[in-house]
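*Asks:* I'd like to ask you about the structure that follows.
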Amino acid sequence: MRKPAAYGLVVSGLIVVASAWGQEPAESPGGSVLPSFAAGEVPSRLEYIDELLRAAWEEAGIKPSPICTDAEFLRRAYLDLLGRIPNVEEARAFLGGGKERDPGRRAKLIENLLAHPDYAKNMATIFANTLVGRRPRGDQVDREALVGWLRTQFATNRSWKDVAWDLLTATGSNREQGAVNFALAHFADEKVNLTAATTRVFLGLQIQCTQCHDHPSNDWKQQDFWGINAFFRGTRSRPVEVIDASGAVVRNGTEVYDEPTDAWARFEKRNAVVGVVPPTYLDGRRIDPGPEVVRRVELAKLITEPTNDQFAKAFVNRIWGHLLGRGIVHPVDDFGDHNPPSHPELIERLAVDFRASGYDVKALIRWITASEAYHVSSRMTKSNEKDDVLFSHYPLKPMSPEQLFDSLITATAAHRTAGGDSERRRSEWLRQFVVTFDNDEAGETSSFQGTIPQALMMMNGELMAKAVSGEPGSFLAHVLDESRLQRRVPPVRYAVEMLYLASLSRLPTPQELRWASNLFATNPDTLAVLQDLFWALLNSNEFVLNK
Amino acid sequence: MNQRWRQPDGMSRRHFLSHLAAATMAGPAAQLVGALEAQAAAGIRPPKRCIMLWMGGGPSHLDTWDLKPESEKNGGEFRPIETSVPGIQICEHLPTVARQMKHLSIVRSLNSREGNHDRGTYVMHTGYMPTPTIVHPSFGSICSYELGYKAGEDFPLPHFISINGPGEGAGFLGMAHAPFYVQNPTAPIANLRPPGGIEEFRLGRRLGMLGVLEDNFRLQNRGQAAADHKAVYQKTVKMMNSQYTQAFNLESEPPAVRDAYGRHSFGQGCLMARKLVEMGVTFVEVHLNGWDNHNDIFDTLRTGNLPQLDQGLGTLIEDLAVRGLLDTTLVVWMGEFGRTPRINQNAGRDHWPNGWSVVLGGAGLKGGRVVGATDRDGVEIVDRELHVPDLIATMAHAMGIDLSTQYTTPNGRPFKIVDGGQPIAELI
């Protein structure tokens, strides 16, 4: 690992690049100033993250919350990396072990989760939602193809630079080349939306207001928007037609392709004068506007070239925001002078190291999850309860619809109960969940945005009814069987412990055990009380909030 | 105005029923005092309500409100008929609506500029074009926030309810103002009751346990979300236990009333909308889909949507007027766009946002007016071109919402509920 002193150089070098950005073409200052990790030498933690966090806490006169419990860390890591809570076996495996606990157990857990098949599934879901939304507003978007493609990228830990390159330049059928669906989802209105989505997703810049006017609070000009838009002038789509078995021509998806063009973007200024602009990057660099170049490829080069630190910053900040509930720049995709970062040096240095790692997504996740901010409790203290921006306590993060659904299935095995095709039932419930719980703005707020239909579905819906029914195949049925087979503790106590572990990923406190045993003492119908307790646990704030 | 509110509601209701040749208003709903009646009895000036009738697919204005009998190529098969307002003619298949024309005004010159279904739906609901970085609140959500939420938390029903279709969401206003979706007005509300076998005792026990768990977690000082969660559940339980949910039950309505509205999902949705606004719900959207008539438009409309629209809308206006609700209830008829004047080779009409019609009435807007005009063939707007923000401004004005109302979006940008439009002067 590099010595801290090395980063001083890095940072000063970076500042040179950053200040040049937006005026002159940024050039790599000699190349040697930028750090580059040799192959196999990407560190698993970066000490300066904690140093910079602590410096900010000291400056603000606050103390971080204590380190969270292992159970809290376990649930947090599963939800963030796998998109679901741990099942009881996974929870026992991590929480067991008594006093001789491995001090490296949390880092090992992160490593195991990064290698788990659900990691790629979860990342694909998160990025599909970012790239095209849960329910794309386009007729020709094959969201499933995009999800499948993303899953492969994250499973193989492909460089974010290469993933971005494909999303920016892909051509071909939306069914066979999943990456084209990003462009297709934003095709309308002469690619106005594609322009805005591209800068937002890959650069963390919201320039869409400048579609119609110069930005009031930062440096973006209308010309900047249309300069990027001009890169999409040649991008087209057409139906893919195939001949089926009966000889009829049938449609089989949509194809994205690039047509040679020498067109400039035209736009109307506020004073009704029409402006024209050739393909122009945000820093003023122009590409050859002739028909011999593929403009999207040129744009991808400009966005992903090593000297473009904004590309790395945008991704670092997005992952930071996912893991810690809030970006260093927040909202995560709104960089600019109008919205300064909470930790300016931290975002700069993380971006440098992310680039040096070869845009290694898993390395970035290791660094952030190894930082103190990812390990502090969500219990606020008198010292830090006023702090919302310095990561002195972990935030309560409401589960996404996908996290909630997968967590309910993990906890209850509701889909395995008798009566029908479990996969069909699972996908029908998932559809209901996405429709009922979808909120495009959920990522923008840390407040709980629940609704009555959501609460009704959680309280009275079919999934919950099956989940707590105790029918054969369900987790509750399994617990009842086990409780009679084991000899460690009384059956009811065993069952209560398992329900807590399955739903909240922790064992009940002694106080909660006393409360629960009173419930059973006063109500002789043990199964009904267990059903009701499981129902209450699954409906509770502690279940639905990632703490 | 207050005078009219104080008028005993039962009188007008009986009048309405006798008109429909029904005997008496029986059933449990009769004993239930709605919020409006309670407020009227207390002498409080009741707030405004809105029923928006959403014509999914893009309704043909040329075959409903702006017929072109003199255009040989574009006129189509339907004849205009006179209405209760001299000089205003509408489609022959809307006779019930024609009798209520004095309460309704037609805007015949809307240019909404967006001919794609999804985007047109978005624009007409929000007044804004979609952009990838912000989700604008629909007008129903703004009403829910401005008139429902700000008026107090005690009301047991959601303030934005959408029937037969999910409606557009609340965007950055938050899910509390997203529409509560009633998929089928003649079926029980999904999940409103505990599943079979869970009787009151069990539900009570569950809620008791939940209360203990929620409080334990809330008291750990981990943040506001823990308390917010509890508040949503409390509101939900309040709704489950509320008598007001009878507004969702059409079984309590006399068969003659249900027949008058039409025994189809649109008509029954209109009836439910009336019950809901009567109960105090701020905004109800009722969907009638099937207007995307690229083929065979005349047969399709004659036998399907036009008679349904006529029964639903015509009866709704009459019912609201007779009950004294129309003075405070805005009724708006719209879809994502109109349809092309040109009749295509499949005897259909295609998408046409360039100059089409919407209909408004109630809540103090002037009825029996026509605003704007298109030319003889329906191709060009020849008078008073209006845009979506003008329509939203008119609706906001009617609802008593200050047009200068502005919010700050989560990313710190200003958002105006009316983006530059002006209320239509002829209607206010």
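In the structure tokens, chains take the letters A, B, ... in the order shown, each chain's residues start at 1, and ligands count up from 1 in the order shown.
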Restrict the calculation to only C-alpha atoms, then for each residue of chain A with any atom at most 6 Å from an atom of chain B give the closest atom pair and their distance in Å to one decimal, rows by chain and rising residue number, as a tab-separated table.
*Replies:*
```
residue	atom	partner	partner_atom	distance
A:Ser378	CA	B:Arg222	CA	5.3
A:Arg379	CA	B:Arg222	CA	4.5
A:Met380	CA	B:Arg222	CA	5.7
A:Ser447	CA	B:Ala225	CA	5.2
A:Phe448	CA	B:Ala225	CA	4.8
A:Gln449	CA	B:Met175	CA	5.5
A:Thr451	CA	B:Ala176	CA	5.4
A:Ile452	CA	B:Thr236	CA	5.3
A:Leu456	CA	B:Asn191	CA	5.5
A:Met457	CA	B:Asn191	CA	5.9
A:Asn460	CA	B:Pro194	CA	4.7
A:Gly461	CA	B:Asn191	CA	5.5
A:Asp532	CA	B:Arg206	CA	5.2
A:Ala536	CA	B:Leu210	CA	4.6
A:Ser540	CA	B:Glu214	CA	5.8
A:Asn541	CA	B:Ala226	CA	5.6
```
*Asks:* What lies within 9 Å of Asn252 of chain A using only C-alpha atoms, ignoring chain neighbours under 6 positions off, as a PyMOL selection string?
*Replies:* chain A and resi 173+175+239-242
*Asks:* Would you mind exporting the chosen residues as a PDB file, in the first residue's frame, restricted to N, CA and C atoms?
*Replies:*
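Below you can see result-v7.pdb, which holds the result:
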```
ATOM      1  N   SER A 173     -29.346  -5.115 -31.867  1.00  0.00           N
ATOM      2  CA  SER A 173     -30.714  -5.419 -31.436  1.00  0.00           C
ATOM      3  C   SER A 173     -30.865  -5.249 -29.933  1.00  0.00           C
ATOM      4  N   ARG A 175     -32.654  -6.852 -28.075  1.00  0.00           N
ATOM      5  CA  ARG A 175     -32.825  -8.148 -27.397  1.00  0.00           C
ATOM      6  C   ARG A 175     -31.501  -8.871 -27.233  1.00  0.00           C
ATOM      7  N   PRO A 239     -36.944  -1.079 -36.576  1.00  0.00           N
ATOM      8  CA  PRO A 239     -37.437  -2.398 -36.164  1.00  0.00           C
ATOM      9  C   PRO A 239     -36.567  -3.510 -36.758  1.00  0.00           C
ATOM     10  N   VAL A 240     -36.374  -4.558 -35.980  1.00  0.00           N
ATOM     11  CA  VAL A 240     -35.716  -5.758 -36.507  1.00  0.00           C
ATOM     12  C   VAL A 240     -36.816  -6.677 -36.997  1.00  0.00           C
ATOM     13  N   GLU A 241     -36.742  -7.047 -38.269  1.00  0.00           N
ATOM     14  CA  GLU A 241     -37.785  -7.925 -38.801  1.00  0.00           C
ATOM     15  C   GLU A 241     -37.183  -9.269 -39.175  1.00  0.00           C
ATOM     16  N   VAL A 242     -37.873 -10.294 -38.806  1.00  0.00           N
ATOM     17  CA  VAL A 242     -37.420 -11.642 -39.144  1.00  0.00           C
ATOM     18  C   VAL A 242     -38.582 -12.383 -39.806  1.00  0.00           C
TER      19      VAL A 242
END
```
*Asks:* If you run DSSP over the backbone, which residues in segment 75-183 of chain B end up alpha helix (DSSP H)? Put them as a PyMOL selection string.
*Replies:* chain B and resi 95-99+117-126+139-143
*Asks:* So that I can see what lies close to segment 279-294 of chain A, please list as a ChimeraX atom specification the residues with an atom at most 6 Å from it, counting only C-alpha atoms and leaving out residues fewer than 2 positions away in the same chain.
*Replies:* /A:22-23,224,227-228,230-231,260-262,296-297
*Asks:* If we count only C-alpha atoms and set the cut-off at 6 Å, which residues sit around segment 262-270 of chain B, ignoring sequence neighbours fewer than 6 positions away in its own chain? Please answer as a list of chain:residue names.
*Replies:* B:Pro185, B:Val286, B:Leu288, B:Gln311, B:Gly312
*Asks:* What separation in Å, quoted to one decimal, exists between atom CA of Tyr374 of chain A and atom CA of Met498 of chain A?
*Replies:*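 Computed distance, atom CA of Tyr374 of chain A to atom CA of Met498 of chain A, equals 26.8 Å.
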*Asks:* Find the residues around segment 108-117 of chain A up to 8 Å (only C-alpha atoms counted), leave out those fewer than 6 positions away in its own chain, and share them as a list in words.
*Replies:*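 Listed by chain and then number, they are Leu74, Ala77, Tyr78, Leu81, Leu82, Phe94, Ala155, Lys362, Arg366 and Thr369 of chain A.
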*Asks:* Could you turn the residues from that selection into a file that holds C-alpha atoms, as a JSON list (two decimals), in the first residue's frame?
*Replies:*
```
[["chain", "number", "residue", "atom", "x", "y", "z"],
["A", 74, "LEU", "CA", -24.42, -8.23, 8.70],
["A", 77, "ALA", "CA", -23.93, -5.53, 4.14],
["A", 78, "TYR", "CA", -26.42, -8.09, 2.84],
["A", 81, "LEU", "CA", -24.46, -5.80, -1.61],
["A", 82, "LEU", "CA", -26.95, -8.63, -2.22],
["A", 94, "PHE", "CA", -21.62, -14.97, 10.77],
["A", 155, "ALA", "CA", -20.39, -10.71, -12.09],
["A", 362, "LYS", "CA", -15.40, -4.26, -6.24],
["A", 366, "ARG", "CA", -14.13, -2.70, -0.41],
["A", 369, "THR", "CA", -17.22, -0.67, 3.35]]
```
*Asks:* Which residues are close to Gly358 of chain A, i.e. within 9 Å by only C-alpha atoms, leaving aside same-chain residues fewer than 6 positions away? Reply as number ranges by chain.
*Replies:* A: 36-37, 159-161
*Asks:* Write the residues you've just listed into a file as a CSV table (one decimal), in the first residue's frame, and include N, CA and C atoms for each of them.
*Replies:*
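Okay, this is what ended up in out_37.csv:
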```
chain,number,residue,atom,x,y,z
A,36,SER,N,-0.8,4.8,-10.0
A,36,SER,CA,-1.4,3.7,-10.7
A,36,SER,C,-1.0,2.4,-9.9
A,37,PHE,N,-2.0,1.7,-9.5
A,37,PHE,CA,-1.7,0.5,-8.8
A,37,PHE,C,-1.2,-0.5,-9.8
A,159,SER,N,-14.4,-3.6,-15.7
A,159,SER,CA,-14.0,-2.2,-15.5
A,159,SER,C,-15.2,-1.3,-15.8
A,160,TRP,N,-15.5,-0.4,-14.8
A,160,TRP,CA,-16.7,0.6,-15.1
A,160,TRP,C,-16.4,1.4,-16.4
A,161,LYS,N,-15.2,1.6,-16.7
A,161,LYS,CA,-14.9,2.4,-17.9
A,161,LYS,C,-15.4,1.6,-19.1
```
*Asks:* What does the structure give for the distance between atom CA of Thr245 of chain B and atom CA of Asp154 of chain B, in Å to one decimal?
*Replies:*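 Rounded to one decimal, the two atoms are 14.5 Å apart.
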*Asks:* Counting only C-alpha atoms, what is within 10 Å of segment 325-333 of chain A, bar same-chain residues fewer than 5 positions away, as a PyMOL selection string?
*Replies:* (chain A and resi 199-206+313-320+339-344+346-347+388-391+394-398+443-446+546) or (chain B and resi 133+410-412)
*Asks:* Give me every strand (DSSP E) residue in segment 47-155 of chain B, going by DSSP on the backbone, as number ranges by chain.
*Replies:* B: 49-55, 80-82, 89-91, 104-110
